[in-house]
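Peer 1: The following file, coords20.pdb, comprises PDB, C-alpha atoms:
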```
ATOM      1  CA  MET A   1      13.844  16.652  45.501
ATOM      2  CA  SER A   2      17.318  17.888  44.593
ATOM      3  CA  LEU A   3      17.919  21.084  42.678
ATOM      4  CA  VAL A   4      16.593  21.279  39.106
ATOM      5  CA  LEU A   5      17.775  23.722  36.449
ATOM      6  CA  VAL A   6      15.367  25.143  33.869
ATOM      7  CA  VAL A   7      17.124  26.423  30.752
ATOM      8  CA  ALA A   8      14.921  28.306  28.291
ATOM      9  CA  CYS A   9      15.594  29.810  24.866
ATOM     10  CA  PRO A  10      13.633  32.322  22.808
ATOM     11  CA  PRO A  11      12.016  31.156  19.553
ATOM     12  CA  GLN A  12      14.447  29.347  17.245
ATOM     13  CA  PRO A  13      14.064  27.437  13.955
ATOM     14  CA  ALA A  14      13.393  23.749  14.607
ATOM     15  CA  VAL A  15      15.469  21.005  12.974
ATOM     16  CA  PRO A  16      14.382  17.476  11.991
ATOM     17  CA  ALA A  17      15.339  14.606  14.280
ATOM     18  CA  ALA A  18      16.071  10.963  13.520
ATOM     19  CA  PHE A  19      13.067   9.821  15.556
ATOM     20  CA  GLY A  20      10.601  11.448  13.162
ATOM     21  CA  THR A  21       9.690  14.446  15.304
ATOM     22  CA  GLU A  22      11.076  17.932  15.482
ATOM     23  CA  GLN A  23      13.654  18.928  18.065
ATOM     24  CA  PRO A  24      14.631  22.285  19.542
ATOM     25  CA  ALA A  25      17.335  24.011  17.577
ATOM     26  CA  PRO A  26      20.863  23.190  18.834
ATOM     27  CA  ASP A  27      20.956  26.582  20.564
ATOM     28  CA  LEU A  28      18.977  25.038  23.444
ATOM     29  CA  TRP A  29      21.650  22.426  24.092
ATOM     30  CA  GLN A  30      24.382  25.007  23.657
ATOM     31  CA  ALA A  31      22.641  26.962  26.380
ATOM     32  CA  VAL A  32      22.684  23.850  28.572
ATOM     33  CA  ARG A  33      26.377  23.308  27.839
ATOM     34  CA  GLU A  34      27.106  26.842  29.004
ATOM     35  CA  GLU A  35      25.684  25.911  32.418
ATOM     36  CA  VAL A  36      28.203  23.093  33.011
ATOM     37  CA  PRO A  37      30.270  25.295  35.386
ATOM     38  CA  ALA A  38      27.096  25.850  37.406
ATOM     39  CA  LEU A  39      26.488  22.102  37.534
ATOM     40  CA  ARG A  40      30.018  21.599  38.806
ATOM     41  CA  GLU A  41      29.539  24.259  41.478
ATOM     42  CA  ILE A  42      26.344  22.590  42.658
ATOM     43  CA  ALA A  43      27.915  19.113  42.551
ATOM     44  CA  SER A  44      30.768  20.255  44.755
ATOM     45  CA  GLY A  45      28.323  21.223  47.488
ATOM     46  CA  THR A  46      29.512  24.828  47.529
ATOM     47  CA  VAL A  47      26.039  26.200  46.856
ATOM     48  CA  ARG A  48      24.471  26.800  50.271
ATOM     49  CA  PRO A  49      20.736  26.276  50.810
ATOM     50  CA  ASP A  50      20.292  29.982  51.454
ATOM     51  CA  ARG A  51      21.745  30.694  48.012
ATOM     52  CA  LEU A  52      19.357  28.500  46.019
ATOM     53  CA  ASP A  53      16.878  31.327  45.529
ATOM     54  CA  ARG A  54      19.678  33.515  44.166
ATOM     55  CA  LEU A  55      21.313  30.857  42.006
ATOM     56  CA  ALA A  56      19.439  31.770  38.836
ATOM     57  CA  GLU A  57      20.189  35.476  39.303
ATOM     58  CA  ASP A  58      23.873  34.757  39.909
ATOM     59  CA  LEU A  59      24.343  32.447  36.927
ATOM     60  CA  ALA A  60      21.901  33.575  34.279
ATOM     61  CA  GLY A  61      22.531  36.006  31.493
ATOM     62  CA  ASP A  62      19.959  37.751  29.347
ATOM     63  CA  ASP A  63      19.786  34.813  26.909
ATOM     64  CA  PRO A  64      19.088  32.058  27.698
ATOM     65  CA  ALA A  65      16.950  32.381  30.810
ATOM     66  CA  ILE A  66      18.079  30.189  33.711
ATOM     67  CA  ALA A  67      15.999  29.249  36.733
ATOM     68  CA  ALA A  68      16.490  26.899  39.678
ATOM     69  CA  ALA A  69      13.869  25.084  41.739
ATOM     70  CA  THR A  70      13.692  22.340  44.351
ATOM     71  CA  SER A  71      10.172  20.874  43.989
ATOM     72  CA  PRO A  72       8.043  19.661  41.058
ATOM     73  CA  ALA A  73       5.586  22.507  41.582
ATOM     74  CA  GLU A  74       8.357  25.116  41.586
ATOM     75  CA  VAL A  75       9.928  23.646  38.444
ATOM     76  CA  VAL A  76       6.619  23.715  36.582
ATOM     77  CA  GLY A  77       6.119  27.296  37.731
ATOM     78  CA  GLU A  78       9.502  28.273  36.254
ATOM     79  CA  VAL A  79       8.682  26.481  32.999
ATOM     80  CA  ARG A  80       5.370  28.311  32.733
ATOM     81  CA  ARG A  81       7.078  31.643  33.425
ATOM     82  CA  ALA A  82       9.605  30.924  30.683
ATOM     83  CA  ILE A  83       6.825  30.123  28.225
ATOM     84  CA  GLU A  84       4.930  33.269  29.188
ATOM     85  CA  GLY A  85       8.133  35.173  28.541
ATOM     86  CA  GLY A  86       8.247  33.896  24.965
ATOM     87  CA  ALA A  87      10.430  30.783  25.250
ATOM     88  CA  ARG A  88       9.685  28.098  22.685
ATOM     89  CA  ALA A  89      12.334  25.600  23.833
ATOM     90  CA  VAL A  90      12.888  24.600  27.459
ATOM     91  CA  ALA A  91      15.253  22.019  28.975
ATOM     92  CA  VAL A  92      14.610  20.723  32.496
ATOM     93  CA  ILE A  93      17.661  19.102  34.112
ATOM     94  CA  PRO A  94      17.689  17.459  37.559
ATOM     95  CA  ILE A  95      21.131  18.025  39.073
ATOM     96  CA  ALA A  96      21.121  14.326  39.999
ATOM     97  CA  MET A  97      21.749  13.579  36.320
ATOM     98  CA  ALA A  98      25.070  15.429  36.465
ATOM     99  CA  VAL A  99      26.533  14.042  39.694
ATOM    100  CA  ASP A 100      27.522  10.608  40.943
ATOM    101  CA  ARG A 101      25.846  10.723  44.323
ATOM    102  CA  ASN A 102      22.393  10.777  42.770
ATOM    103  CA  GLY A 103      20.619   8.467  45.183
ATOM    104  CA  GLY A 104      17.995   9.689  47.589
ATOM    105  CA  GLY A 105      15.878   6.572  47.591
ATOM    106  CA  ASP A 106      12.302   6.050  46.515
ATOM    107  CA  ALA A 107      11.131   9.499  47.639
ATOM    108  CA  ARG A 108      13.469  11.332  45.271
ATOM    109  CA  ARG A 109      12.650   9.010  42.381
ATOM    110  CA  THR A 110       8.940   9.546  43.049
ATOM    111  CA  ASP A 111       9.463  13.315  42.972
ATOM    112  CA  LEU A 112      11.256  13.108  39.632
ATOM    113  CA  ARG A 113       8.520  10.952  38.122
ATOM    114  CA  ASP A 114       5.948  13.385  39.460
ATOM    115  CA  LEU A 115       7.889  16.165  37.754
ATOM    116  CA  HIS A 116       7.832  14.181  34.500
ATOM    117  CA  ASP A 117       4.049  13.802  34.700
ATOM    118  CA  ARG A 118       3.541  17.500  35.445
ATOM    119  CA  LEU A 119       5.739  18.516  32.531
ATOM    120  CA  GLU A 120       3.833  16.205  30.207
ATOM    121  CA  HIS A 121       0.659  18.010  31.272
ATOM    122  CA  VAL A 122       2.250  21.376  30.462
ATOM    123  CA  GLY A 123       3.352  19.979  27.105
ATOM    124  CA  ARG A 124      -0.207  19.001  26.239
ATOM    125  CA  GLU A 125      -1.345  22.497  27.145
ATOM    126  CA  GLN A 126       1.446  24.094  25.112
ATOM    127  CA  PRO A 127       1.897  21.909  22.006
ATOM    128  CA  ASP A 128       3.988  24.566  20.234
ATOM    129  CA  VAL A 129       6.631  24.601  22.971
ATOM    130  CA  GLU A 130       9.438  22.029  23.034
ATOM    131  CA  ILE A 131       9.884  20.843  26.639
ATOM    132  CA  ARG A 132      12.806  18.454  27.113
ATOM    133  CA  TYR A 133      13.085  16.732  30.474
ATOM    134  CA  LEU A 134      16.404  14.966  31.126
ATOM    135  CA  GLY A 135      15.295  12.790  34.014
ATOM    136  CA  PRO A 136      13.469   9.570  34.912
ATOM    137  CA  PRO A 137      11.532   7.695  33.708
ATOM    138  CA  PHE A 138      13.341   8.691  30.482
ATOM    139  CA  THR A 139      10.370   8.355  28.143
ATOM    140  CA  ASP A 140      11.591  10.985  25.657
ATOM    141  CA  PRO A 141      14.000   9.208  23.267
ATOM    142  CA  PRO A 142      14.110  12.130  20.788
ATOM    143  CA  GLY A 143      15.006  14.567  23.550
ATOM    144  CA  LEU A 144      17.707  12.288  24.944
ATOM    145  CA  GLU A 145      19.099  11.663  21.481
ATOM    146  CA  ALA A 146      19.291  15.381  20.764
ATOM    147  CA  ALA A 147      20.899  16.135  24.130
ATOM    148  CA  ILE A 148      23.496  13.387  23.817
ATOM    149  CA  ARG A 149      24.346  14.391  20.253
ATOM    150  CA  ALA A 150      24.827  18.029  21.281
ATOM    151  CA  LEU A 151      26.499  17.569  24.660
ATOM    152  CA  ARG A 152      28.792  14.549  24.207
ATOM    153  CA  PRO A 153      32.401  15.574  24.948
ATOM    154  CA  ALA A 154      34.404  15.662  21.728
ATOM    155  CA  ARG A 155      37.393  13.641  22.953
ATOM    156  CA  SER A 156      35.532  10.629  24.361
ATOM    157  CA  GLY A 157      37.025   7.431  22.999
ATOM    158  CA  GLU A 158      40.024   9.060  21.305
ATOM    159  CA  PRO A 159      43.227   6.945  21.351
ATOM    160  CA  ALA A 160      45.288   9.982  22.387
ATOM    161  CA  LEU A 161      43.125  10.404  25.467
ATOM    162  CA  LEU A 162      43.765   6.778  26.418
ATOM    163  CA  THR A 163      47.512   7.369  26.096
ATOM    164  CA  GLU A 164      47.276  10.342  28.449
ATOM    165  CA  THR A 165      45.244   8.280  30.914
ATOM    166  CA  VAL A 166      47.775   5.434  30.990
ATOM    167  CA  ALA A 167      50.543   7.948  31.573
ATOM    168  CA  ARG A 168      48.614   9.522  34.446
ATOM    169  CA  ALA A 169      47.218   6.455  36.218
ATOM    170  CA  PHE A 170      49.816   3.787  35.367
ATOM    171  CA  GLU A 171      52.975   5.897  35.017
ATOM    172  CA  GLY A 172      52.928   5.003  31.319
ATOM    173  CA  ASP A 173      53.399   1.287  32.066
ATOM    174  CA  LEU A 174      51.464  -0.400  29.251
ATOM    175  CA  ASP A 175      52.126  -3.874  30.629
ATOM    176  CA  ARG A 176      50.548  -2.994  33.988
ATOM    177  CA  PHE A 177      47.646  -1.315  32.220
ATOM    178  CA  GLY A 178      47.099  -4.444  30.146
ATOM    179  CA  ARG A 179      47.084  -6.628  33.264
ATOM    180  CA  PHE A 180      44.596  -4.232  34.868
ATOM    181  CA  VAL A 181      42.193  -4.560  31.939
ATOM    182  CA  ALA A 182      42.661  -8.340  31.824
ATOM    183  CA  ALA A 183      41.868  -8.617  35.536
ATOM    184  CA  LEU A 184      38.592  -6.749  35.008
ATOM    185  CA  GLN A 185      37.656  -8.761  31.927
ATOM    186  CA  ALA A 186      38.093 -11.992  33.872
ATOM    187  CA  GLY A 187      35.128 -11.124  36.100
ATOM    188  CA  VAL A 188      32.615  -9.525  33.755
ATOM    189  CA  PRO A 189      30.004 -11.259  31.576
ATOM    190  CA  GLU A 190      30.826 -11.893  27.931
ATOM    191  CA  GLY A 191      30.026  -8.929  25.720
ATOM    192  CA  THR A 192      30.577  -6.348  28.468
ATOM    193  CA  ARG A 193      32.263  -3.137  27.403
ATOM    194  CA  LEU A 194      34.741  -1.513  29.797
ATOM    195  CA  VAL A 195      35.046   2.257  30.125
ATOM    196  CA  LEU A 196      37.225   4.433  32.350
ATOM    197  CA  ARG A 197      35.995   7.854  33.422
ATOM    198  CA  GLY A 198      36.712  10.408  36.142
ATOM    199  CA  SER A 199      39.856  12.234  37.194
ATOM    200  CA  ALA A 200      42.186   9.581  35.756
ATOM    201  CA  VAL A 201      40.918  10.622  32.332
ATOM    202  CA  VAL A 202      40.277  14.345  32.855
ATOM    203  CA  GLY A 203      43.182  15.034  35.204
ATOM    204  CA  VAL A 204      41.104  16.720  37.908
ATOM    205  CA  SER A 205      38.128  15.778  40.068
ATOM    206  CA  TYR A 206      34.778  16.866  38.635
ATOM    207  CA  VAL A 207      33.456  17.688  42.111
ATOM    208  CA  THR A 208      36.458  19.267  43.881
ATOM    209  CA  GLY A 209      38.705  20.350  41.008
ATOM    210  CA  GLU A 210      41.601  18.641  42.812
ATOM    211  CA  PRO A 211      44.334  17.261  40.492
ATOM    212  CA  PHE A 212      44.650  13.499  40.073
ATOM    213  CA  ASP A 213      46.799  12.027  42.878
ATOM    214  CA  ALA A 214      47.023  15.430  44.561
ATOM    215  CA  ARG A 215      47.216  13.678  47.938
ATOM    216  CA  GLY A 216      50.083  11.426  46.930
ATOM    217  CA  PRO A 217      50.870   8.590  44.500
ATOM    218  CA  GLY A 218      48.117   5.993  44.290
ATOM    219  CA  THR A 219      45.560   8.019  46.256
ATOM    220  CA  SER A 220      43.104   8.814  43.464
ATOM    221  CA  ASP A 221      40.769   6.037  42.448
ATOM    222  CA  LEU A 222      39.923   4.621  39.040
ATOM    223  CA  ASP A 223      36.253   4.883  38.041
ATOM    224  CA  VAL A 224      35.333   1.955  35.800
ATOM    225  CA  VAL A 225      31.975   1.733  34.042
ATOM    226  CA  LEU A 226      30.553  -1.508  32.657
ATOM    227  CA  LEU A 227      28.211  -1.304  29.678
ATOM    228  CA  GLY A 228      25.782  -4.094  28.889
ATOM    229  CA  GLU A 229      22.600  -5.621  30.282
ATOM    230  CA  ALA A 230      24.434  -8.729  31.491
ATOM    231  CA  ALA A 231      26.873  -6.577  33.449
ATOM    232  CA  MET A 232      24.056  -4.601  35.050
ATOM    233  CA  GLY A 233      22.517  -7.919  36.085
ATOM    234  CA  GLN A 234      25.527  -8.541  38.344
ATOM    235  CA  TRP A 235      24.248  -5.975  40.876
ATOM    236  CA  GLU A 236      21.843  -6.740  43.695
ATOM    237  CA  PRO A 237      18.235  -5.645  43.002
ATOM    238  CA  GLY A 238      18.389  -2.856  45.573
ATOM    239  CA  ALA A 239      21.813  -1.554  44.480
ATOM    240  CA  PHE A 240      20.654   0.924  41.841
ATOM    241  CA  TYR A 241      20.417   4.680  41.758
ATOM    242  CA  LEU A 242      17.935   4.257  38.906
ATOM    243  CA  PRO A 243      16.925   0.673  37.988
ATOM    244  CA  GLY A 244      18.112  -0.286  34.535
ATOM    245  CA  VAL A 245      20.025   2.996  34.197
ATOM    246  CA  ASN A 246      22.914   3.142  36.699
ATOM    247  CA  THR A 247      24.066   1.197  39.721
ATOM    248  CA  LEU A 248      25.600   2.002  43.045
ATOM    249  CA  PRO A 249      29.415   1.758  42.899
ATOM    250  CA  LEU A 250      31.155  -1.451  43.862
ATOM    251  CA  TRP A 251      34.152  -0.373  45.963
ATOM    252  CA  ASP A 252      35.983  -1.102  49.217
ATOM    253  CA  GLY A 253      33.184   0.522  51.219
ATOM    254  CA  ALA A 254      30.433  -1.480  49.479
ATOM    255  CA  PRO A 255      31.851  -4.880  48.439
ATOM    256  CA  ASP A 256      28.523  -6.723  48.580
ATOM    257  CA  VAL A 257      26.424  -4.730  46.114
ATOM    258  CA  ALA A 258      27.393  -6.960  43.181
ATOM    259  CA  ALA A 259      28.229 -10.585  42.418
ATOM    260  CA  PRO A 260      31.251 -12.101  44.231
ATOM    261  CA  ARG A 261      32.976 -12.848  40.930
ATOM    262  CA  LEU A 262      32.882  -9.173  39.987
ATOM    263  CA  GLU A 263      34.179  -8.138  43.399
ATOM    264  CA  ALA A 264      37.051 -10.610  43.040
ATOM    265  CA  ALA A 265      37.911  -9.089  39.664
ATOM    266  CA  ARG A 266      37.785  -5.596  41.141
ATOM    267  CA  LEU A 267      40.156  -6.552  43.942
ATOM    268  CA  SER A 268      42.543  -8.158  41.459
ATOM    269  CA  ALA A 269      42.474  -5.058  39.238
ATOM    270  CA  GLN A 270      42.953  -2.841  42.284
ATOM    271  CA  ASP A 271      46.031  -4.805  43.273
ATOM    272  CA  VAL A 272      47.502  -4.426  39.776
ATOM    273  CA  ALA A 273      46.699  -0.701  39.639
ATOM    274  CA  GLY A 274      48.068   0.019  43.094
ATOM    275  CA  ARG A 275      45.202   2.407  43.788
ATOM    276  CA  PRO A 276      41.473   2.179  44.673
ATOM    277  CA  VAL A 277      39.125   0.936  41.980
ATOM    278  CA  ALA A 278      35.357   1.530  41.865
ATOM    279  CA  ILE A 279      32.997  -0.104  39.365
ATOM    280  CA  GLN A 280      29.528   0.922  38.216
ATOM    281  CA  ALA A 281      27.252  -0.330  35.473
ATOM    282  CA  MET A 282      25.413   2.192  33.291
ATOM    283  CA  ALA A 283      23.231   2.243  30.237
ATOM    284  CA  PRO A 284      25.409   3.510  27.342
ATOM    285  CA  TRP A 285      23.126   6.482  26.637
ATOM    286  CA  PHE A 286      23.257   7.476  30.307
ATOM    287  CA  LEU A 287      27.062   7.424  30.275
ATOM    288  CA  ASP A 288      27.008   9.790  27.302
ATOM    289  CA  LEU A 289      24.352  12.017  28.856
ATOM    290  CA  ARG A 290      26.215  12.319  32.138
ATOM    291  CA  SER A 291      29.542  12.885  30.414
ATOM    292  CA  GLY A 292      27.919  15.647  28.405
ATOM    293  CA  LEU A 293      26.378  17.338  31.424
ATOM    294  CA  GLN A 294      29.703  17.140  33.232
ATOM    295  CA  SER A 295      31.765  17.963  30.133
ATOM    296  CA  THR A 296      34.029  15.050  31.086
ATOM    297  CA  PRO A 297      35.219  12.638  28.368
ATOM    298  CA  TYR A 298      35.815   8.941  28.947
ATOM    299  CA  VAL A 299      38.071   6.272  27.429
ATOM    300  CA  ILE A 300      37.112   2.831  26.184
ATOM    301  CA  LEU A 301      39.240   0.048  27.665
ATOM    302  CA  GLY A 302      37.897  -2.916  25.734
ATOM    303  CA  GLY A 303      35.082  -5.431  25.347
TER     304      GLY A 303
END
```
Represent the structure from my file as structure tokens, please.
Peer 2:
Amino acid sequence: MSLVLVVACPPQPAVPAAFGTEQPAPDLWQAVREEVPALREIASGTVRPDRLDRLAEDLAGDDPAIAAATSPAEVVGEVRRAIEGGARAVAVIPIAMAVDRNGGGDARRTDLRDLHDRLEHVGREQPDVEIRYLGPPFTDPPGLEAAIRALRPARSGEPALLTETVARAFEGDLDRFGRFVAALQAGVPEGTRLVLRGSAVVGVSYVTGEPFDARGPGTSDLDVVLLGEAAMGQWEPGAFYLPGVNTLPLWDGAPDVAAPRLEAARLSAQDVAGRPVAIQAMAPWFLDLRSGLQSTPYVILGG
């Protein structure tokens, strides 16, 4: 299993949630937000295996308590230690939720589901402690809702952000941008929403910190996300990181993971853009969750 962060807070007043249960006070999610730089460091691959045991010590302050673990048993142990230390709100975050290369096959997914089951057991033992697990099989709608509400980047969807993106990725050419969007729309199912994320929007790579097009004009790719069940149905059954949640990317290196019509649209859009284009499908809530954990806004293209 990949690295998992455990973020714990001391007792806080609970606040009502829309789902009819009580949620941890926002301080828990603020604590998670403060760990975004750590997520970026881990995503970049700069944390060596021999540093994993020291990661919590390096990154944690006095409040909240931060721990890192690499197996379900270790994660549960850290959660129990946090509870014994007085924590009444704990967030458990698999690093896979904050990075794009979150595959690992059936073994990793089995580990994460095992972790979910173990945490549910701890929750039954400790009914007064709020344990929020941000990983598969995603059976905690109140926890996800609270996390998304607290972590969603403020600028996502803003028109001004779209203007900046067009200037960066299309040299401000609105006509070319319009043809790019039209080329994508020609190959997606009706009702599909198009979103652009990644360095074209933020200006730098989430993983490396490298500026957009740092290696020359047209070298950085455009990361397109499709929202909608019909769009997700365009991918081959085995081409999912998490079934029903997010797909493998359709790009030059993997042109056969989705329907031919979608690949034709991608190639057409790539030709218009004059730079590589990659397409994924995601559940809308997962897009917001990932954007929050990465602190990277996105722009809505249409649909």
Peer 1: How would you write, as a ChimeraX atom specification, the residues chosen by the PyMOL selection byres ((chain A and resi 226-239) around 10) on this structure?
Peer 2: /A:105,184,187-196,224-225,240-250,254,256-262,279-285,287,303
Peer 1: Between A:Ala96, A:Ala8, A:Val277, A:Leu144, which one has atoms that come closest to Ala264 in chain A, using only C-alpha atoms?
Peer 2: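 Looking only at the distances to Ala264 in chain A, the closest residue turns out to be A:Val277.
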Peer 1: Separation of CA of Asp173 in chain A and CA of Glu210 in chain A, in Å?
Peer 2: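 These atoms are spaced 23.6 Å apart.
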Peer 1: Could you expand the PyMOL selection byres ((chain A and resi 32) around 10) into the explicit residues it covers here, written as a list in words?
Peer 2: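 Checked against the file, the PyMOL selection byres ((chain A and resi 32) around 10) matches Leu5, Val6, Val7, Ala8, Cys9, Pro26, Asp27, Leu28, Trp29, Gln30, Ala31, Arg33, Glu34, Glu35, Val36, Leu39, Pro64, Ile66, Val90, Ala91, Val92, Ile93, Ala147, Ala150, Leu151, Gly292 and Leu293 of chain A.
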Peer 1: Under the rule that all atoms listed in the file are counted, which of A:Ile300, A:Pro136, A:Pro94, A:Arg124 is the nearest residue to Ala69 in chain A?
Peer 2: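 Ranking A:Ile300, A:Pro136, A:Pro94, A:Arg124 by distance to Ala69 in chain A, first place goes to A:Pro94.
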Peer 1: In Å, rounded to a single decimal, give me how far CA of Phe177 in chain A is from CA of Glu263 in chain A.
Peer 2: 18.8 Å
Peer 1: In Å, how far is it from CA of Tyr206 in chain A to CA of Thr296 in chain A?
Peer 2: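 CA of Tyr206 in chain A sits 7.8 Å away from CA of Thr296 in chain A.
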Peer 1: Can you give me, as a PDB file with C-alpha atoms, in the frame of the given file, the residues this file yields under the PyMOL selection byres ((chain A and resi 220) around 10)?
Peer 2:
```
ATOM      1  CA  ALA A 169      47.218   6.455  36.218  1.00  0.00           C
ATOM      2  CA  GLY A 198      36.712  10.408  36.142  1.00  0.00           C
ATOM      3  CA  SER A 199      39.856  12.234  37.194  1.00  0.00           C
ATOM      4  CA  ALA A 200      42.186   9.581  35.756  1.00  0.00           C
ATOM      5  CA  VAL A 204      41.104  16.720  37.908  1.00  0.00           C
ATOM      6  CA  SER A 205      38.128  15.778  40.068  1.00  0.00           C
ATOM      7  CA  GLU A 210      41.601  18.641  42.812  1.00  0.00           C
ATOM      8  CA  PRO A 211      44.334  17.261  40.492  1.00  0.00           C
ATOM      9  CA  PHE A 212      44.650  13.499  40.073  1.00  0.00           C
ATOM     10  CA  ASP A 213      46.799  12.027  42.878  1.00  0.00           C
ATOM     11  CA  ALA A 214      47.023  15.430  44.561  1.00  0.00           C
ATOM     12  CA  ARG A 215      47.216  13.678  47.938  1.00  0.00           C
ATOM     13  CA  GLY A 216      50.083  11.426  46.930  1.00  0.00           C
ATOM     14  CA  PRO A 217      50.870   8.590  44.500  1.00  0.00           C
ATOM     15  CA  GLY A 218      48.117   5.993  44.290  1.00  0.00           C
ATOM     16  CA  THR A 219      45.560   8.019  46.256  1.00  0.00           C
ATOM     17  CA  ASP A 221      40.769   6.037  42.448  1.00  0.00           C
ATOM     18  CA  LEU A 222      39.923   4.621  39.040  1.00  0.00           C
ATOM     19  CA  ASP A 223      36.253   4.883  38.041  1.00  0.00           C
ATOM     20  CA  ARG A 275      45.202   2.407  43.788  1.00  0.00           C
ATOM     21  CA  PRO A 276      41.473   2.179  44.673  1.00  0.00           C
ATOM     22  CA  VAL A 277      39.125   0.936  41.980  1.00  0.00           C
TER      23      VAL A 277
END
```
Peer 1: Taking all atoms of range 162-176 of chain A that the file lists and extending 3 Å past them on each side, where is the centre of the axis-aligned box and how long are its edges? Answer in Å to one decimal, as lines of an AutoDock Vina configuration file.
Peer 2:
```
center_x = 48.6
center_y = 3.2
center_z = 31.2
size_x = 15.6
size_y = 20.2
size_z = 16.1
```
Peer 1: Identify which of the residues A:Pro127, A:Gly86, A:Pro137, A:Pro142 lies closest to Leu112 in chain A, counting only C-alpha atoms when measuring atom-to-atom distances.
Peer 2: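 Looking at the shortest contact to Leu112 in chain A, the residue is A:Pro137.
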Peer 1: Which is closer to Ile95 in chain A than all the others in A:Arg266, A:Ser291, A:Arg168, A:Thr70, using all atoms listed in the file?
Peer 2: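 Among the listed residues, A:Thr70 lies closest to Ile95 in chain A.
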Peer 1: If you count all atoms listed in the file, which residues fall within 12 Å of Leu162 in chain A, apart from same-chain ones fewer than 2 positions away, as a PDB file with C-alpha atoms, in the coordinates of the input?
Peer 2:
```pdb
ATOM      1  CA  ARG A 155      37.393  13.641  22.953  1.00  0.00           C
ATOM      2  CA  SER A 156      35.532  10.629  24.361  1.00  0.00           C
ATOM      3  CA  GLY A 157      37.025   7.431  22.999  1.00  0.00           C
ATOM      4  CA  GLU A 158      40.024   9.060  21.305  1.00  0.00           C
ATOM      5  CA  PRO A 159      43.227   6.945  21.351  1.00  0.00           C
ATOM      6  CA  ALA A 160      45.288   9.982  22.387  1.00  0.00           C
ATOM      7  CA  GLU A 164      47.276  10.342  28.449  1.00  0.00           C
ATOM      8  CA  THR A 165      45.244   8.280  30.914  1.00  0.00           C
ATOM      9  CA  VAL A 166      47.775   5.434  30.990  1.00  0.00           C
ATOM     10  CA  ALA A 167      50.543   7.948  31.573  1.00  0.00           C
ATOM     11  CA  ARG A 168      48.614   9.522  34.446  1.00  0.00           C
ATOM     12  CA  ALA A 169      47.218   6.455  36.218  1.00  0.00           C
ATOM     13  CA  PHE A 170      49.816   3.787  35.367  1.00  0.00           C
ATOM     14  CA  GLY A 172      52.928   5.003  31.319  1.00  0.00           C
ATOM     15  CA  LEU A 174      51.464  -0.400  29.251  1.00  0.00           C
ATOM     16  CA  PHE A 177      47.646  -1.315  32.220  1.00  0.00           C
ATOM     17  CA  VAL A 195      35.046   2.257  30.125  1.00  0.00           C
ATOM     18  CA  LEU A 196      37.225   4.433  32.350  1.00  0.00           C
ATOM     19  CA  ARG A 197      35.995   7.854  33.422  1.00  0.00           C
ATOM     20  CA  ALA A 200      42.186   9.581  35.756  1.00  0.00           C
ATOM     21  CA  VAL A 201      40.918  10.622  32.332  1.00  0.00           C
ATOM     22  CA  VAL A 202      40.277  14.345  32.855  1.00  0.00           C
ATOM     23  CA  PRO A 297      35.219  12.638  28.368  1.00  0.00           C
ATOM     24  CA  TYR A 298      35.815   8.941  28.947  1.00  0.00           C
ATOM     25  CA  VAL A 299      38.071   6.272  27.429  1.00  0.00           C
ATOM     26  CA  ILE A 300      37.112   2.831  26.184  1.00  0.00           C
ATOM     27  CA  LEU A 301      39.240   0.048  27.665  1.00  0.00           C
ATOM     28  CA  GLY A 302      37.897  -2.916  25.734  1.00  0.00           C
TER      29      GLY A 302
END
```
Peer 1: Taking the structure in the block just given, could you write range 179-188 of chain A with N, CA and C atoms, as a PDB file, in the first residue's frame?
Peer 2:
```pdb
ATOM      1  N   ARG A 179     -11.872  26.449 -31.055  1.00  0.00           N
ATOM      2  CA  ARG A 179     -11.783  25.269 -31.926  1.00  0.00           C
ATOM      3  C   ARG A 179     -11.313  24.045 -31.144  1.00  0.00           C
ATOM      4  N   PHE A 180     -10.462  24.267 -30.150  1.00  0.00           N
ATOM      5  CA  PHE A 180     -10.008  23.178 -29.284  1.00  0.00           C
ATOM      6  C   PHE A 180     -11.196  22.577 -28.519  1.00  0.00           C
ATOM      7  N   VAL A 181     -11.998  23.427 -27.917  1.00  0.00           N
ATOM      8  CA  VAL A 181     -13.158  22.944 -27.166  1.00  0.00           C
ATOM      9  C   VAL A 181     -14.145  22.249 -28.101  1.00  0.00           C
ATOM     10  N   ALA A 182     -14.379  22.823 -29.274  1.00  0.00           N
ATOM     11  CA  ALA A 182     -15.308  22.225 -30.229  1.00  0.00           C
ATOM     12  C   ALA A 182     -14.832  20.848 -30.679  1.00  0.00           C
ATOM     13  N   ALA A 183     -13.529  20.692 -30.868  1.00  0.00           N
ATOM     14  CA  ALA A 183     -12.984  19.399 -31.277  1.00  0.00           C
ATOM     15  C   ALA A 183     -13.232  18.349 -30.206  1.00  0.00           C
ATOM     16  N   LEU A 184     -13.083  18.719 -28.937  1.00  0.00           N
ATOM     17  CA  LEU A 184     -13.357  17.780 -27.850  1.00  0.00           C
ATOM     18  C   LEU A 184     -14.840  17.438 -27.783  1.00  0.00           C
ATOM     19  N   GLN A 185     -15.690  18.457 -27.887  1.00  0.00           N
ATOM     20  CA  GLN A 185     -17.125  18.239 -27.770  1.00  0.00           C
ATOM     21  C   GLN A 185     -17.658  17.328 -28.872  1.00  0.00           C
ATOM     22  N   ALA A 186     -16.991  17.314 -30.008  1.00  0.00           N
ATOM     23  CA  ALA A 186     -17.438  16.475 -31.116  1.00  0.00           C
ATOM     24  C   ALA A 186     -17.312  14.989 -30.808  1.00  0.00           C
ATOM     25  N   GLY A 187     -16.486  14.622 -29.836  1.00  0.00           N
ATOM     26  CA  GLY A 187     -16.256  13.201 -29.571  1.00  0.00           C
ATOM     27  C   GLY A 187     -16.764  12.702 -28.245  1.00  0.00           C
ATOM     28  N   VAL A 188     -17.413  13.562 -27.464  1.00  0.00           N
ATOM     29  CA  VAL A 188     -17.879  13.128 -26.145  1.00  0.00           C
ATOM     30  C   VAL A 188     -19.388  12.947 -26.151  1.00  0.00           C
TER      31      VAL A 188
END
```
